[in-house]
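Asker: Sharing model28.cif, mmCIF, C-alpha atoms:
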data_protein
loop_
_atom_site.group_PDB
_atom_site.id
_atom_site.type_symbol
_atom_site.label_atom_id
_atom_site.label_comp_id
_atom_site.auth_asym_id
_atom_site.auth_seq_id
_atom_site.Cartn_x
_atom_site.Cartn_y
_atom_site.Cartn_z
ATOM 1 C CA MET A 97 25.562 12.974 67.892
ATOM 2 C CA LYS A 98 24.384 9.699 69.413
ATOM 3 C CA LYS A 99 20.746 8.997 68.638
ATOM 4 C CA ILE A 100 18.695 7.776 71.594
ATOM 5 C CA PHE A 101 15.134 6.452 71.481
ATOM 6 C CA VAL A 102 13.445 6.189 74.893
ATOM 7 C CA ILE A 103 10.300 4.095 75.367
ATOM 8 C CA ASN A 104 8.385 4.924 78.536
ATOM 9 C CA GLY A 105 6.449 1.751 79.364
ATOM 10 C CA GLY A 106 5.085 3.066 82.675
ATOM 11 C CA GLN A 107 1.428 2.342 81.998
ATOM 12 C CA HIS A 108 -1.341 4.269 83.737
ATOM 13 C CA PHE A 109 -3.331 1.589 85.549
ATOM 14 C CA ALA A 110 -4.903 0.918 88.951
ATOM 15 C CA HIS A 111 -2.819 2.149 91.892
ATOM 16 C CA SER A 112 0.484 2.266 90.005
ATOM 17 C CA GLY A 113 0.424 4.930 87.322
ATOM 18 C CA GLY A 114 3.993 4.257 86.210
ATOM 19 C CA LYS A 115 5.226 7.250 88.180
ATOM 20 C CA PHE A 116 8.842 6.232 88.599
ATOM 21 C CA ASN A 117 9.145 5.285 84.939
ATOM 22 C CA HIS A 118 7.959 8.793 84.116
ATOM 23 C CA THR A 119 10.619 10.116 86.500
ATOM 24 C CA LEU A 120 13.291 8.106 84.701
ATOM 25 C CA THR A 121 12.094 9.433 81.347
ATOM 26 C CA GLY A 122 12.404 12.959 82.697
ATOM 27 C CA LEU A 123 15.969 12.226 83.778
ATOM 28 C CA ASP A 124 16.677 10.950 80.256
ATOM 29 C CA GLN A 125 15.402 14.216 78.834
ATOM 30 C CA SER A 126 17.751 16.156 81.108
ATOM 31 C CA TYR A 127 20.734 13.948 80.250
ATOM 32 C CA PHE A 128 20.358 13.137 76.540
ATOM 33 C CA THR A 129 20.653 16.737 75.321
ATOM 34 C CA GLU A 130 22.317 18.244 72.291
ATOM 35 C CA GLU A 131 24.792 19.931 74.640
ATOM 36 C CA ASN A 132 25.823 16.469 75.858
ATOM 37 C CA GLY A 133 26.118 15.127 72.302
ATOM 38 C CA PHE A 134 22.769 13.369 71.895
ATOM 39 C CA GLU A 135 19.650 13.490 69.776
ATOM 40 C CA LEU A 136 16.573 12.188 71.574
ATOM 41 C CA GLN A 137 13.156 10.831 70.643
ATOM 42 C CA VAL A 138 10.654 9.627 73.251
ATOM 43 C CA THR A 139 7.525 7.482 73.027
ATOM 44 C CA ASP A 140 5.046 7.148 75.897
ATOM 45 C CA ILE A 141 3.006 3.980 75.403
ATOM 46 C CA ASN A 142 0.025 5.672 77.085
ATOM 47 C CA GLN A 143 -0.271 8.063 74.135
ATOM 48 C CA PRO A 144 -1.532 7.271 70.610
ATOM 49 C CA TYR A 145 1.184 6.286 68.148
ATOM 50 C CA ASP A 146 1.632 5.444 64.482
ATOM 51 C CA PRO A 147 3.267 1.992 64.138
ATOM 52 C CA ASP A 148 5.179 2.932 60.995
ATOM 53 C CA GLU A 149 6.576 6.051 62.677
ATOM 54 C CA GLU A 150 7.652 3.936 65.646
ATOM 55 C CA VAL A 151 9.451 1.542 63.301
ATOM 56 C CA LYS A 152 11.353 4.521 61.904
ATOM 57 C CA LYS A 153 12.457 5.453 65.442
ATOM 58 C CA PHE A 154 13.953 1.993 65.997
ATOM 59 C CA VAL A 155 15.755 2.181 62.656
ATOM 60 C CA TRP A 156 16.935 5.746 63.401
ATOM 61 C CA ALA A 157 18.282 5.074 66.876
ATOM 62 C CA ASP A 158 21.770 4.079 67.914
ATOM 63 C CA VAL A 159 20.436 3.056 71.337
ATOM 64 C CA VAL A 160 16.909 2.151 72.448
ATOM 65 C CA VAL A 161 16.170 2.690 76.152
ATOM 66 C CA TYR A 162 13.247 0.739 77.583
ATOM 67 C CA HIS A 163 11.662 1.717 80.899
ATOM 68 C CA THR A 164 9.132 -0.783 82.219
ATOM 69 C CA PRO A 165 7.508 -1.714 85.486
ATOM 70 C CA VAL A 166 7.138 -5.434 86.044
ATOM 71 C CA TRP A 167 3.520 -6.557 86.503
ATOM 72 C CA TRP A 168 2.855 -10.173 87.364
ATOM 73 C CA PHE A 169 6.376 -11.085 86.250
ATOM 74 C CA SER A 170 6.120 -9.530 82.801
ATOM 75 C CA MET A 171 5.808 -6.149 81.112
ATOM 76 C CA PRO A 172 2.512 -4.178 81.234
ATOM 77 C CA TYR A 173 -0.013 -5.148 78.593
ATOM 78 C CA LYS A 174 0.160 -1.819 76.750
ATOM 79 C CA LEU A 175 3.924 -2.132 76.375
ATOM 80 C CA LYS A 176 3.524 -5.718 75.175
ATOM 81 C CA GLU A 177 0.853 -4.523 72.722
ATOM 82 C CA TYR A 178 3.187 -1.753 71.540
ATOM 83 C CA ILE A 179 5.965 -4.258 70.849
ATOM 84 C CA ASP A 180 3.603 -6.708 69.130
ATOM 85 C CA ILE A 181 2.203 -3.988 66.865
ATOM 86 C CA VAL A 182 5.432 -2.113 66.110
ATOM 87 C CA PHE A 183 7.671 -5.130 65.597
ATOM 88 C CA THR A 184 5.074 -6.675 63.284
ATOM 89 C CA ALA A 185 4.939 -3.395 61.339
ATOM 90 C CA GLY A 186 8.745 -3.558 61.145
ATOM 91 C CA HIS A 187 8.790 -6.849 59.234
ATOM 92 C CA ARG A 188 11.094 -6.248 56.261
ATOM 93 C CA LYS A 189 10.996 -2.515 57.061
ATOM 94 C CA GLY A 190 14.054 -2.387 59.286
ATOM 95 C CA ILE A 191 13.357 -4.406 62.454
ATOM 96 C CA TYR A 192 13.550 -7.986 61.191
ATOM 97 C CA ARG A 193 13.574 -9.740 57.840
ATOM 98 C CA SER A 194 12.657 -13.282 58.907
ATOM 99 C CA ASP A 195 13.354 -15.739 61.712
ATOM 100 C CA GLY A 196 16.701 -16.395 60.043
ATOM 101 C CA ARG A 197 16.210 -20.021 59.028
ATOM 102 C CA LYS A 198 16.589 -21.426 55.522
ATOM 103 C CA THR A 199 14.251 -24.000 54.011
ATOM 104 C CA ASP A 200 17.090 -26.395 53.212
ATOM 105 C CA ASN A 201 17.954 -26.754 56.930
ATOM 106 C CA PRO A 202 15.226 -25.267 59.136
ATOM 107 C CA ALA A 203 16.633 -26.790 62.331
ATOM 108 C CA ILE A 204 19.359 -24.147 62.690
ATOM 109 C CA ASN A 205 19.888 -20.380 62.682
ATOM 110 C CA TYR A 206 16.570 -19.459 64.303
ATOM 111 C CA GLY A 207 16.641 -15.870 65.542
ATOM 112 C CA THR A 208 19.268 -14.580 63.123
ATOM 113 C CA GLY A 209 17.021 -12.584 60.795
ATOM 114 C CA GLY A 210 17.122 -9.265 62.624
ATOM 115 C CA MET A 211 17.847 -5.993 60.801
ATOM 116 C CA LEU A 212 18.936 -3.822 63.749
ATOM 117 C CA HIS A 213 22.540 -5.022 63.939
ATOM 118 C CA GLY A 214 24.867 -2.323 65.220
ATOM 119 C CA ARG A 215 22.177 -0.906 67.501
ATOM 120 C CA LYS A 216 22.142 -1.368 71.241
ATOM 121 C CA TYR A 217 19.454 -1.260 73.899
ATOM 122 C CA MET A 218 19.264 -0.625 77.620
ATOM 123 C CA LEU A 219 16.585 -1.923 79.985
ATOM 124 C CA THR A 220 15.362 -0.544 83.290
ATOM 125 C CA THR A 221 12.715 -2.267 85.376
ATOM 126 C CA THR A 222 10.820 -1.203 88.480
ATOM 127 C CA TRP A 223 9.603 -3.637 91.105
ATOM 128 C CA ASN A 224 7.653 -3.958 94.320
ATOM 129 C CA ALA A 225 9.936 -6.927 95.109
ATOM 130 C CA PRO A 226 13.088 -6.140 97.102
ATOM 131 C CA ASP A 227 16.457 -6.955 95.610
ATOM 132 C CA THR A 228 16.934 -9.629 98.274
ATOM 133 C CA ALA A 229 14.107 -11.643 96.676
ATOM 134 C CA PHE A 230 16.578 -12.289 93.837
ATOM 135 C CA THR A 231 19.791 -12.752 95.786
ATOM 136 C CA LEU A 232 19.143 -14.592 99.058
ATOM 137 C CA PRO A 233 19.010 -18.395 99.221
ATOM 138 C CA GLY A 234 15.472 -19.653 99.731
ATOM 139 C CA GLU A 235 13.844 -16.417 98.614
ATOM 140 C CA PHE A 236 11.234 -16.170 95.881
ATOM 141 C CA PHE A 237 13.324 -15.927 92.687
ATOM 142 C CA ARG A 238 15.701 -18.748 93.671
ATOM 143 C CA GLU A 239 18.811 -16.616 93.182
ATOM 144 C CA HIS A 240 18.038 -15.865 89.529
ATOM 145 C CA SER A 241 18.763 -12.277 88.530
ATOM 146 C CA VAL A 242 16.176 -10.102 86.810
ATOM 147 C CA ASP A 243 18.007 -10.370 83.479
ATOM 148 C CA GLU A 244 18.553 -14.114 83.663
ATOM 149 C CA GLY A 245 15.097 -14.855 85.040
ATOM 150 C CA VAL A 246 11.921 -12.800 84.563
ATOM 151 C CA MET A 247 13.323 -10.636 81.746
ATOM 152 C CA PHE A 248 15.210 -13.384 79.894
ATOM 153 C CA GLY A 249 12.560 -13.520 77.150
ATOM 154 C CA PHE A 250 12.661 -9.742 76.783
ATOM 155 C CA HIS A 251 16.402 -9.881 76.142
ATOM 156 C CA ARG A 252 16.024 -12.671 73.593
ATOM 157 C CA MET A 253 13.301 -10.630 71.866
ATOM 158 C CA ASN A 254 15.807 -7.828 71.348
ATOM 159 C CA ALA A 255 18.474 -10.286 70.232
ATOM 160 C CA PHE A 256 15.990 -11.487 67.584
ATOM 161 C CA THR A 257 16.077 -7.974 66.072
ATOM 162 C CA GLY A 258 19.882 -7.915 66.079
ATOM 163 C CA MET A 259 20.298 -5.439 68.946
ATOM 164 C CA GLU A 260 22.908 -5.934 71.665
ATOM 165 C CA PRO A 261 22.370 -5.164 75.365
ATOM 166 C CA LEU A 262 23.956 -2.447 77.441
ATOM 167 C CA GLN A 263 24.038 -2.821 81.212
ATOM 168 C CA SER A 264 20.534 -2.988 82.677
ATOM 169 C CA MET A 265 19.407 -1.216 85.842
ATOM 170 C CA HIS A 266 16.677 -2.490 88.161
ATOM 171 C CA PHE A 267 14.859 -0.539 90.857
ATOM 172 C CA HIS A 268 13.384 -2.509 93.765
ATOM 173 C CA ASP A 269 10.947 -2.043 96.645
ATOM 174 C CA LEU A 270 9.069 0.819 95.000
ATOM 175 C CA GLU A 271 5.653 0.070 96.480
ATOM 176 C CA LYS A 272 5.935 -0.749 100.168
ATOM 177 C CA ASN A 273 9.159 1.196 100.694
ATOM 178 C CA ALA A 274 8.987 3.997 98.132
ATOM 179 C CA THR A 275 10.293 6.602 100.562
ATOM 180 C CA PRO A 276 11.484 10.028 99.379
ATOM 181 C CA GLU A 277 14.987 8.985 100.419
ATOM 182 C CA ARG A 278 14.840 5.832 98.288
ATOM 183 C CA ILE A 279 13.500 7.764 95.294
ATOM 184 C CA GLY A 280 16.209 10.397 95.629
ATOM 185 C CA GLU A 281 18.935 7.767 95.908
ATOM 186 C CA TYR A 282 17.611 5.917 92.870
ATOM 187 C CA LYS A 283 17.532 9.111 90.813
ATOM 188 C CA ASP A 284 21.179 9.800 91.653
ATOM 189 C CA LEU A 285 22.137 6.199 90.900
ATOM 190 C CA TYR A 286 20.389 6.312 87.546
ATOM 191 C CA LEU A 287 22.180 9.475 86.454
ATOM 192 C CA SER A 288 25.466 7.861 87.478
ATOM 193 C CA HIS A 289 24.486 4.762 85.526
ATOM 194 C CA LEU A 290 23.817 6.846 82.411
ATOM 195 C CA ALA A 291 27.186 8.546 82.718
ATOM 196 C CA GLY A 292 28.947 5.213 83.177
ATOM 197 C CA VAL A 293 27.216 3.585 80.213
ATOM 198 C CA PHE A 294 27.140 6.422 77.692
ATOM 199 C CA ASN A 295 30.187 8.615 78.335
ATOM 200 C CA ASN A 296 32.576 6.246 76.567
ATOM 201 C CA LEU A 297 30.104 4.277 74.483
ATOM 202 C CA GLU A 298 31.381 3.347 71.057
ATOM 203 C CA ILE A 299 28.590 2.905 68.534
ATOM 204 C CA GLU A 300 28.181 2.057 64.899
ATOM 205 C CA THR A 301 26.198 5.000 63.620
ATOM 206 C CA ALA A 302 22.762 3.888 62.402
ATOM 207 C CA ALA A 303 22.034 4.617 58.745
#
Using structure tokens, write down the structure from this file.

Answerer:
Amino acid sequence: MKKIFVINGGQHFAHSGGKFNHTLTGLDQSYFTEENGFELQVTDINQPYDPDEEVKKFVWADVVVYHTPVWWFSMPYKLKEYIDIVFTAGHRKGIYRSDGRKTDNPAINYGTGGMLHGRKYMLTTTWNAPDTAFTLPGEFFREHSVDEGVMFGFHRMNAFTGMEPLQSMHFHDLEKNATPERIGEYKDLYLSHLAGVFNNLEIETAA
């Protein structure tokens, strides 16, 4: 059984409500079943949580799946708070031991003190911005991809813990053009993405 920990970062706030992130989490629950060879735990950042129990979920998991909308070019504040609280609680308890440096030469090896080696993570993001804002010359993101641009720090954060990335998936134009057809197409694409990523995934079983 592959152990999957899903974090639903679709925060309830203002006009958004994180609806599509909730939809993705529901698709996870239909896909990551015992019949398909998975064990699943889910955290919704809108609900109360125990930091130490969340640390245990990271340590337990083979793969962590993050779902987040992008607000003002970052993650929602409740998801950021969740990470700040839980990762701090995980200091020397399974998430990270130190920043990796040694006192005899503190200039090198920063970011090598993670304790989640062998685990992987997958990121999805949801955007109002269209995909062309990232790909067309002269458009807003200057031809930087989501992973190499806005979410670069997020990926380095996970590298700090020792986790390695699986292929991300990004969903665009979900405010102005969130038509039923677009939503339906995205749902189908996500299920195909899960099959492509997880059907032949080789993992080092977490202790």

Asker: Convert the output of the PyMOL selection byres ((chain A and resi 150) around 10) on the shown file into explicit residues, formatted as a ChimeraX atom specification.

Answerer: /A:101,138-139,145-149,151-156,178-179,181-183,185-186

Asker: Please measure the separation of atom CA of A:Ser194 and atom CA of A:Phe169, giving the value in Å to one decimal.

Answerer: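 Going from atom CA of A:Ser194 over to atom CA of A:Phe169 covers 28.1 Å.
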
Asker: Between A:Ser126, A:Ser264, A:Asn273, A:Ser241, which has the minimum distance to A:Lys216 (counting only C-alpha atoms)?

Answerer: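 Closest candidate: A:Ser264.
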
Asker: For the structure provided, state which residues fall under the PyMOL selection byres ((chain A and resi 161) around 7), and present them as a PyMOL selection string.

Answerer: chain A and resi 101-103+159-160+162-163+217-219

Asker: Give as an MDAnalysis selection string each residue that has an atom at most 9 Å from (3.7, 7.8, 77.4) in the file, counting all atoms listed in the file.

Answerer: chainID A and resid 103:108 118 138:144

Asker: Go ahead and fit an axis-aligned box to every listed atom of stretch 97-100 of chain A plus 6 Å each side, and pass me the centre and edge lengths in Å, one decimal, as lines of an AutoDock Vina configuration file.

Answerer:
center_x = 22.1
center_y = 10.4
center_z = 69.7
size_x = 18.9
size_y = 17.2
size_z = 15.7

Asker: Just checking: using all atoms listed in the file, which residue out of A:Met259, A:Met97, A:Ile299, A:Met265 ends up closest to A:Lys283?

Answerer: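 Of A:Met259, A:Met97, A:Ile299, A:Met265, the one nearest A:Lys283, counting all atoms listed in the file, is A:Met265.
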
Asker: Write out as a short mmCIF file (atom, residue, chain, number, x, y, z; two decimals) with C-alpha atoms, in the frame of the given file the residues lying within 12 Å of A:Asp158, counting all atoms listed in the file and excluding same-chain residues fewer than 5 positions away.

Answerer:
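Below you can see around21.cif, which holds the result:
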data_model
loop_
_atom_site.label_atom_id
_atom_site.label_comp_id
_atom_site.auth_asym_id
_atom_site.auth_seq_id
_atom_site.Cartn_x
_atom_site.Cartn_y
_atom_site.Cartn_z
CA MET A 97 25.56 12.97 67.89
CA LYS A 98 24.38 9.70 69.41
CA LYS A 99 20.75 9.00 68.64
CA ILE A 100 18.70 7.78 71.59
CA PHE A 101 15.13 6.45 71.48
CA VAL A 102 13.44 6.19 74.89
CA PHE A 134 22.77 13.37 71.90
CA GLU A 135 19.65 13.49 69.78
CA LEU A 136 16.57 12.19 71.57
CA GLN A 137 13.16 10.83 70.64
CA LYS A 153 12.46 5.45 65.44
CA LEU A 212 18.94 -3.82 63.75
CA HIS A 213 22.54 -5.02 63.94
CA GLY A 214 24.87 -2.32 65.22
CA ARG A 215 22.18 -0.91 67.50
CA LYS A 216 22.14 -1.37 71.24
CA TYR A 217 19.45 -1.26 73.90
CA MET A 218 19.26 -0.62 77.62
CA MET A 259 20.30 -5.44 68.95
CA GLU A 260 22.91 -5.93 71.67
CA PRO A 261 22.37 -5.16 75.36
CA LEU A 262 23.96 -2.45 77.44
CA PHE A 294 27.14 6.42 77.69
CA LEU A 297 30.10 4.28 74.48
CA GLU A 298 31.38 3.35 71.06
CA ILE A 299 28.59 2.90 68.53
CA GLU A 300 28.18 2.06 64.90
CA THR A 301 26.20 5.00 63.62
CA ALA A 302 22.76 3.89 62.40
CA ALA A 303 22.03 4.62 58.74
#

Asker: Pick from A:Phe248, A:Trp168, A:Phe267, A:Phe256: nearest to A:Glu281, with all atoms listed in the file counted?

Answerer: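 Distance minimum relative to A:Glu281 lands on A:Phe267.
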
Asker: Near A:Leu123, counting only C-alpha atoms, which residues have an atom at most 10 Å away, once you skip same-chain residues fewer than 3 positions from it, shown as a ChimeraX atom specification?

Answerer: /A:117-120,126-128,283-284,286-287,290

Asker: Is there a way to complete stretch 151-168 of chain A with N, CA, C and O atoms and then write that out as a PDB file, in the coordinates of the input?

Answerer:
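After the write, selection00.pdb holds the following:
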ATOM      1  N   VAL A 151       8.426   2.342  63.982  1.00  0.00           N
ATOM      2  CA  VAL A 151       9.451   1.542  63.301  1.00  0.00           C
ATOM      3  C   VAL A 151      10.618   2.437  62.887  1.00  0.00           C
ATOM      4  O   VAL A 151      11.794   2.086  63.080  1.00  0.00           O
ATOM      5  N   LYS A 152      10.303   3.596  62.344  1.00  0.00           N
ATOM      6  CA  LYS A 152      11.353   4.521  61.904  1.00  0.00           C
ATOM      7  C   LYS A 152      12.238   4.945  63.069  1.00  0.00           C
ATOM      8  O   LYS A 152      13.444   5.162  62.899  1.00  0.00           O
ATOM      9  N   LYS A 153      11.660   5.074  64.274  1.00  0.00           N
ATOM     10  CA  LYS A 153      12.457   5.453  65.442  1.00  0.00           C
ATOM     11  C   LYS A 153      13.457   4.354  65.800  1.00  0.00           C
ATOM     12  O   LYS A 153      14.616   4.646  66.143  1.00  0.00           O
ATOM     13  N   PHE A 154      13.025   3.093  65.743  1.00  0.00           N
ATOM     14  CA  PHE A 154      13.953   1.993  65.997  1.00  0.00           C
ATOM     15  C   PHE A 154      15.081   1.988  64.979  1.00  0.00           C
ATOM     16  O   PHE A 154      16.252   1.787  65.336  1.00  0.00           O
ATOM     17  N   VAL A 155      14.751   2.191  63.718  1.00  0.00           N
ATOM     18  CA  VAL A 155      15.755   2.181  62.656  1.00  0.00           C
ATOM     19  C   VAL A 155      16.696   3.378  62.790  1.00  0.00           C
ATOM     20  O   VAL A 155      17.904   3.272  62.535  1.00  0.00           O
ATOM     21  N   TRP A 156      16.159   4.510  63.227  1.00  0.00           N
ATOM     22  CA  TRP A 156      16.935   5.746  63.401  1.00  0.00           C
ATOM     23  C   TRP A 156      17.922   5.658  64.547  1.00  0.00           C
ATOM     24  O   TRP A 156      19.044   6.168  64.473  1.00  0.00           O
ATOM     25  N   ALA A 157      17.543   4.999  65.620  1.00  0.00           N
ATOM     26  CA  ALA A 157      18.282   5.074  66.876  1.00  0.00           C
ATOM     27  C   ALA A 157      19.599   4.313  66.839  1.00  0.00           C
ATOM     28  O   ALA A 157      19.722   3.270  66.200  1.00  0.00           O
ATOM     29  N   ASP A 158      20.576   4.837  67.584  1.00  0.00           N
ATOM     30  CA  ASP A 158      21.770   4.079  67.914  1.00  0.00           C
ATOM     31  C   ASP A 158      21.524   3.224  69.151  1.00  0.00           C
ATOM     32  O   ASP A 158      22.059   2.117  69.259  1.00  0.00           O
ATOM     33  N   VAL A 159      20.748   3.769  70.093  1.00  0.00           N
ATOM     34  CA  VAL A 159      20.436   3.056  71.337  1.00  0.00           C
ATOM     35  C   VAL A 159      18.952   3.234  71.647  1.00  0.00           C
ATOM     36  O   VAL A 159      18.429   4.348  71.595  1.00  0.00           O
ATOM     37  N   VAL A 160      18.292   2.125  71.977  1.00  0.00           N
ATOM     38  CA  VAL A 160      16.909   2.151  72.448  1.00  0.00           C
ATOM     39  C   VAL A 160      16.938   1.929  73.953  1.00  0.00           C
ATOM     40  O   VAL A 160      17.566   0.981  74.441  1.00  0.00           O
ATOM     41  N   VAL A 161      16.269   2.814  74.697  1.00  0.00           N
ATOM     42  CA  VAL A 161      16.170   2.690  76.152  1.00  0.00           C
ATOM     43  C   VAL A 161      14.730   2.324  76.490  1.00  0.00           C
ATOM     44  O   VAL A 161      13.797   3.053  76.145  1.00  0.00           O
ATOM     45  N   TYR A 162      14.566   1.187  77.153  1.00  0.00           N
ATOM     46  CA  TYR A 162      13.247   0.739  77.583  1.00  0.00           C
ATOM     47  C   TYR A 162      13.098   0.958  79.086  1.00  0.00           C
ATOM     48  O   TYR A 162      13.942   0.494  79.867  1.00  0.00           O
ATOM     49  N   HIS A 163      12.026   1.631  79.485  1.00  0.00           N
ATOM     50  CA  HIS A 163      11.662   1.717  80.899  1.00  0.00           C
ATOM     51  C   HIS A 163      10.358   0.951  81.092  1.00  0.00           C
ATOM     52  O   HIS A 163       9.345   1.270  80.448  1.00  0.00           O
ATOM     53  N   THR A 164      10.366  -0.039  81.987  1.00  0.00           N
ATOM     54  CA  THR A 164       9.132  -0.783  82.219  1.00  0.00           C
ATOM     55  C   THR A 164       8.989  -1.176  83.676  1.00  0.00           C
ATOM     56  O   THR A 164       9.961  -1.633  84.299  1.00  0.00           O
ATOM     57  N   PRO A 165       7.793  -1.016  84.234  1.00  0.00           N
ATOM     58  CA  PRO A 165       7.508  -1.714  85.486  1.00  0.00           C
ATOM     59  C   PRO A 165       7.312  -3.186  85.193  1.00  0.00           C
ATOM     60  O   PRO A 165       7.104  -3.578  84.041  1.00  0.00           O
ATOM     61  N   VAL A 166       7.405  -4.008  86.206  1.00  0.00           N
ATOM     62  CA  VAL A 166       7.138  -5.434  86.044  1.00  0.00           C
ATOM     63  C   VAL A 166       5.833  -5.758  86.762  1.00  0.00           C
ATOM     64  O   VAL A 166       5.716  -5.572  87.970  1.00  0.00           O
ATOM     65  N   TRP A 167       4.845  -6.199  85.983  1.00  0.00           N
ATOM     66  CA  TRP A 167       3.520  -6.557  86.503  1.00  0.00           C
ATOM     67  C   TRP A 167       3.350  -8.063  86.351  1.00  0.00           C
ATOM     68  O   TRP A 167       3.420  -8.582  85.226  1.00  0.00           O
ATOM     69  N   TRP A 168       3.079  -8.728  87.430  1.00  0.00           N
ATOM     70  CA  TRP A 168       2.855 -10.173  87.364  1.00  0.00           C
ATOM     71  C   TRP A 168       3.939 -10.854  86.542  1.00  0.00           C
ATOM     72  O   TRP A 168       3.672 -11.670  85.672  1.00  0.00           O
TER      73      TRP A 168
END
